[in-house]
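Shown here: coords_32.cif, mmCIF, C-alpha atoms.
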data_protein
#
loop_
_atom_site.label_atom_id
_atom_site.label_comp_id
_atom_site.auth_asym_id
_atom_site.auth_seq_id
_atom_site.Cartn_x
_atom_site.Cartn_y
_atom_site.Cartn_z
CA MET A 1081 0.00 0.00 0.00
CA TYR A 1082 1.07 3.53 -0.64
CA PRO A 1083 1.38 5.13 2.81
CA THR A 1084 0.38 8.66 1.75
CA GLU A 1085 -2.62 7.57 -0.32
CA LYS A 1086 -6.07 6.92 1.07
CA PRO A 1087 -7.85 3.88 -0.31
CA ARG A 1088 -10.22 4.77 -3.15
CA LEU A 1089 -13.92 4.03 -2.74
CA LEU A 1090 -14.86 2.05 -5.82
CA PRO A 1091 -18.12 2.61 -7.71
CA TRP A 1092 -19.43 -0.86 -6.88
CA SER A 1093 -20.17 -2.90 -3.79
CA SER A 1094 -19.22 -6.39 -2.72
CA PRO A 1095 -21.80 -9.17 -3.24
CA ASP A 1096 -22.99 -8.63 0.35
CA GLY A 1097 -23.43 -4.86 -0.20
CA LYS A 1098 -20.29 -3.64 1.56
CA PRO A 1099 -18.19 -0.86 0.01
CA CYS A 1100 -15.10 -1.85 -1.98
CA TYR A 1101 -11.83 0.07 -1.77
CA LEU A 1102 -8.67 0.12 -3.84
CA ALA A 1103 -5.21 0.91 -2.54
CA GLY A 1104 -2.77 2.09 -5.16
CA ASP A 1105 -1.42 5.03 -7.08
CA GLY A 1106 -4.47 5.41 -9.35
CA ASN A 1107 -2.74 4.23 -12.52
CA GLY A 1108 -3.59 0.53 -12.64
CA TYR A 1109 -6.18 -1.54 -14.45
CA VAL A 1110 -8.74 -1.45 -11.61
CA SER A 1111 -8.40 2.34 -11.32
CA ARG A 1112 -9.08 2.74 -15.04
CA LEU A 1113 -12.00 0.32 -14.80
CA ALA A 1114 -13.41 2.33 -11.86
CA ASP A 1115 -12.99 5.57 -13.84
CA ASN A 1116 -14.95 4.03 -16.73
CA VAL A 1117 -17.70 2.74 -14.44
CA GLU A 1118 -18.00 6.16 -12.77
CA ALA A 1119 -18.24 7.86 -16.17
CA ALA A 1120 -20.96 5.41 -17.24
CA GLN A 1121 -22.89 5.97 -14.00
CA LEU A 1122 -22.76 9.76 -14.38
CA SER A 1123 -23.78 9.53 -18.04
CA SER A 1124 -26.66 7.21 -17.17
CA ALA A 1125 -27.84 9.64 -14.48
CA ALA A 1126 -27.80 12.54 -16.96
CA GLU A 1127 -29.83 10.51 -19.48
CA LEU A 1128 -32.30 9.48 -16.79
CA ILE A 1129 -32.82 13.11 -15.77
CA GLU A 1130 -33.55 14.04 -19.39
CA GLU A 1131 -36.11 11.22 -19.63
CA ALA A 1132 -37.72 12.02 -16.27
CA ARG A 1133 -38.35 15.72 -16.91
CA PRO A 1134 -40.83 15.35 -19.80
CA LEU A 1135 -42.51 12.38 -18.16
CA LEU A 1136 -43.15 14.35 -14.99
CA ALA A 1137 -44.04 17.56 -16.85
CA GLY A 1138 -46.63 15.77 -18.98
CA ARG A 1139 -48.64 14.67 -15.93
CA THR A 1140 -49.95 11.67 -17.88
CA TRP A 1141 -48.15 9.05 -15.80
CA THR A 1142 -49.66 6.20 -13.88
CA PRO A 1143 -48.78 5.49 -10.25
CA GLU A 1144 -46.78 2.47 -11.43
CA GLU A 1145 -44.72 4.66 -13.78
CA VAL A 1146 -43.99 7.15 -11.00
CA HIS A 1147 -43.00 4.30 -8.69
CA LEU A 1148 -40.64 2.84 -11.31
CA LEU A 1149 -39.17 6.28 -11.98
CA ALA A 1150 -38.62 6.82 -8.25
CA CYS A 1151 -36.85 3.45 -8.01
CA VAL A 1152 -34.48 4.08 -10.92
CA LEU A 1153 -33.82 7.69 -9.84
CA THR A 1154 -33.00 6.47 -6.32
CA ALA A 1155 -30.59 3.85 -7.65
CA SER A 1156 -28.95 6.40 -9.91
CA LEU A 1157 -28.71 8.93 -7.09
CA ALA A 1158 -26.98 6.31 -4.93
CA ASP A 1159 -24.42 5.74 -7.71
CA VAL A 1160 -23.79 9.46 -8.16
CA HIS A 1161 -23.48 9.93 -4.39
CA ARG A 1162 -20.85 7.17 -4.24
CA VAL A 1163 -18.92 8.82 -7.09
CA ALA A 1164 -19.04 12.16 -5.27
CA GLU A 1165 -17.87 10.58 -2.02
CA SER A 1166 -15.02 8.80 -3.78
CA ARG A 1167 -13.85 11.86 -5.67
CA GLY A 1168 -14.27 14.15 -2.67
CA ALA A 1169 -12.16 11.87 -0.51
CA ARG A 1170 -9.36 12.06 -3.08
CA LEU A 1171 -9.25 15.86 -3.18
CA PRO A 1172 -6.21 17.39 -1.54
CA ALA A 1173 -6.77 18.91 1.89
CA PRO A 1174 -6.98 22.71 1.89
CA ASP A 1175 -3.73 24.49 2.72
CA ASP A 1176 -5.27 26.94 5.16
CA ASP A 1177 -7.91 26.84 7.86
CA GLU A 1178 -9.35 30.26 7.06
CA PRO A 1179 -13.08 30.45 6.33
CA ASP A 1180 -14.20 30.75 2.74
CA SER A 1181 -14.23 34.41 1.70
CA ASP A 1182 -17.26 33.83 -0.57
CA ALA A 1183 -19.52 32.80 2.32
CA ALA A 1184 -22.17 35.27 3.28
CA PRO A 1185 -21.68 36.56 6.83
CA GLY A 1186 -24.35 35.39 9.23
CA SER A 1187 -25.86 33.02 6.70
CA GLY A 1188 -26.40 30.46 9.46
CA ASP A 1189 -25.36 27.52 7.34
CA GLY A 1190 -21.73 27.18 8.38
CA GLY A 1191 -20.43 29.37 5.57
CA LYS A 1192 -21.94 27.18 2.85
CA SER A 1193 -23.95 29.04 0.24
CA ARG A 1194 -27.29 27.64 -0.81
CA LEU A 1195 -28.93 27.94 -4.21
CA PRO A 1196 -32.68 28.13 -4.72
CA ALA A 1197 -34.27 25.03 -6.24
CA ASP A 1198 -35.03 26.82 -9.52
CA ALA A 1199 -31.28 27.32 -10.07
CA PHE A 1200 -31.09 23.66 -11.13
CA ASP A 1201 -33.53 23.92 -14.06
#
Take the structure in the file and write it out as structure tokens.
Amino acid sequence: MYPTEKPRLLPWSSPDGKPCYLAGDGNGYVSRLADNVEAAQLSSAAELIEEARPLLAGRTWTPEEVHLLACVLTASLADVHRVAESRGARLPAPDDDEPDSDAAPGSGDGGKSRLPADAFD
């Protein structure tokens, strides 16, 4: 194992549902395979969003269709969340401990800015 590297959270689970990790320098076969799986998961999520929007906007769906959509969106969200966790864990630590200068003073959310929901349309 590389002592300065944290193990990488892989974009798949073990057969019993436990997270899988990879120790290495990020240049091997399994790292490239994980990169490809992550890219496919993110692409699939983007396609699913594009399919979900008109379905929901049309308001012609059945309860079964909404249930199926909720199931596939939840599975896709879990994949994207795992990718975000994995990539976030591999980011370098910030050099300083100073608060973010872009944070609004007194925002009450720990210095994290929040966007309104319509910003994502």
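Across the model, the gap from CA of Glu1145 (chain A) to CA of Arg1133 (chain A) is 13.1 Å.
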Could you list the residues chosen by the PyMOL selection byres ((chain A and resi 1163) around 10) in this structure as a PyMOL selection string? chain A and resi 1089-1092+1114-1115+1117-1119+1121-1122+1157-1162+1164-1169
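Coordinates place CA of Tyr1101 (chain A) at a distance of 28.4 Å from CA of Ala1150 (chain A).
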What's the separation between CA of Asp1105 (chain A) and CA of Lys1086 (chain A), in Å to one decimal place? 9.6 Å
Top pick for closest residue to Ile1129 (chain A), considering A:Leu1113, A:Leu1171, A:Ser1093, A:Ser1156 and counting only C-alpha atoms: A:Ser1156
Exactly which residues make up the result of the PyMOL selection byres ((chain A and resi 1103) around 12) on this file, given as a list in words? Met1081, Tyr1082, Pro1083, Thr1084, Glu1085, Lys1086, Pro1087, Arg1088, Leu1089, Leu1090, Cys1100, Tyr1101, Leu1102, Gly1104, Asp1105, Gly1106, Asn1107, Gly1108, Val1110, Ser1111 and Arg1170 of chain A
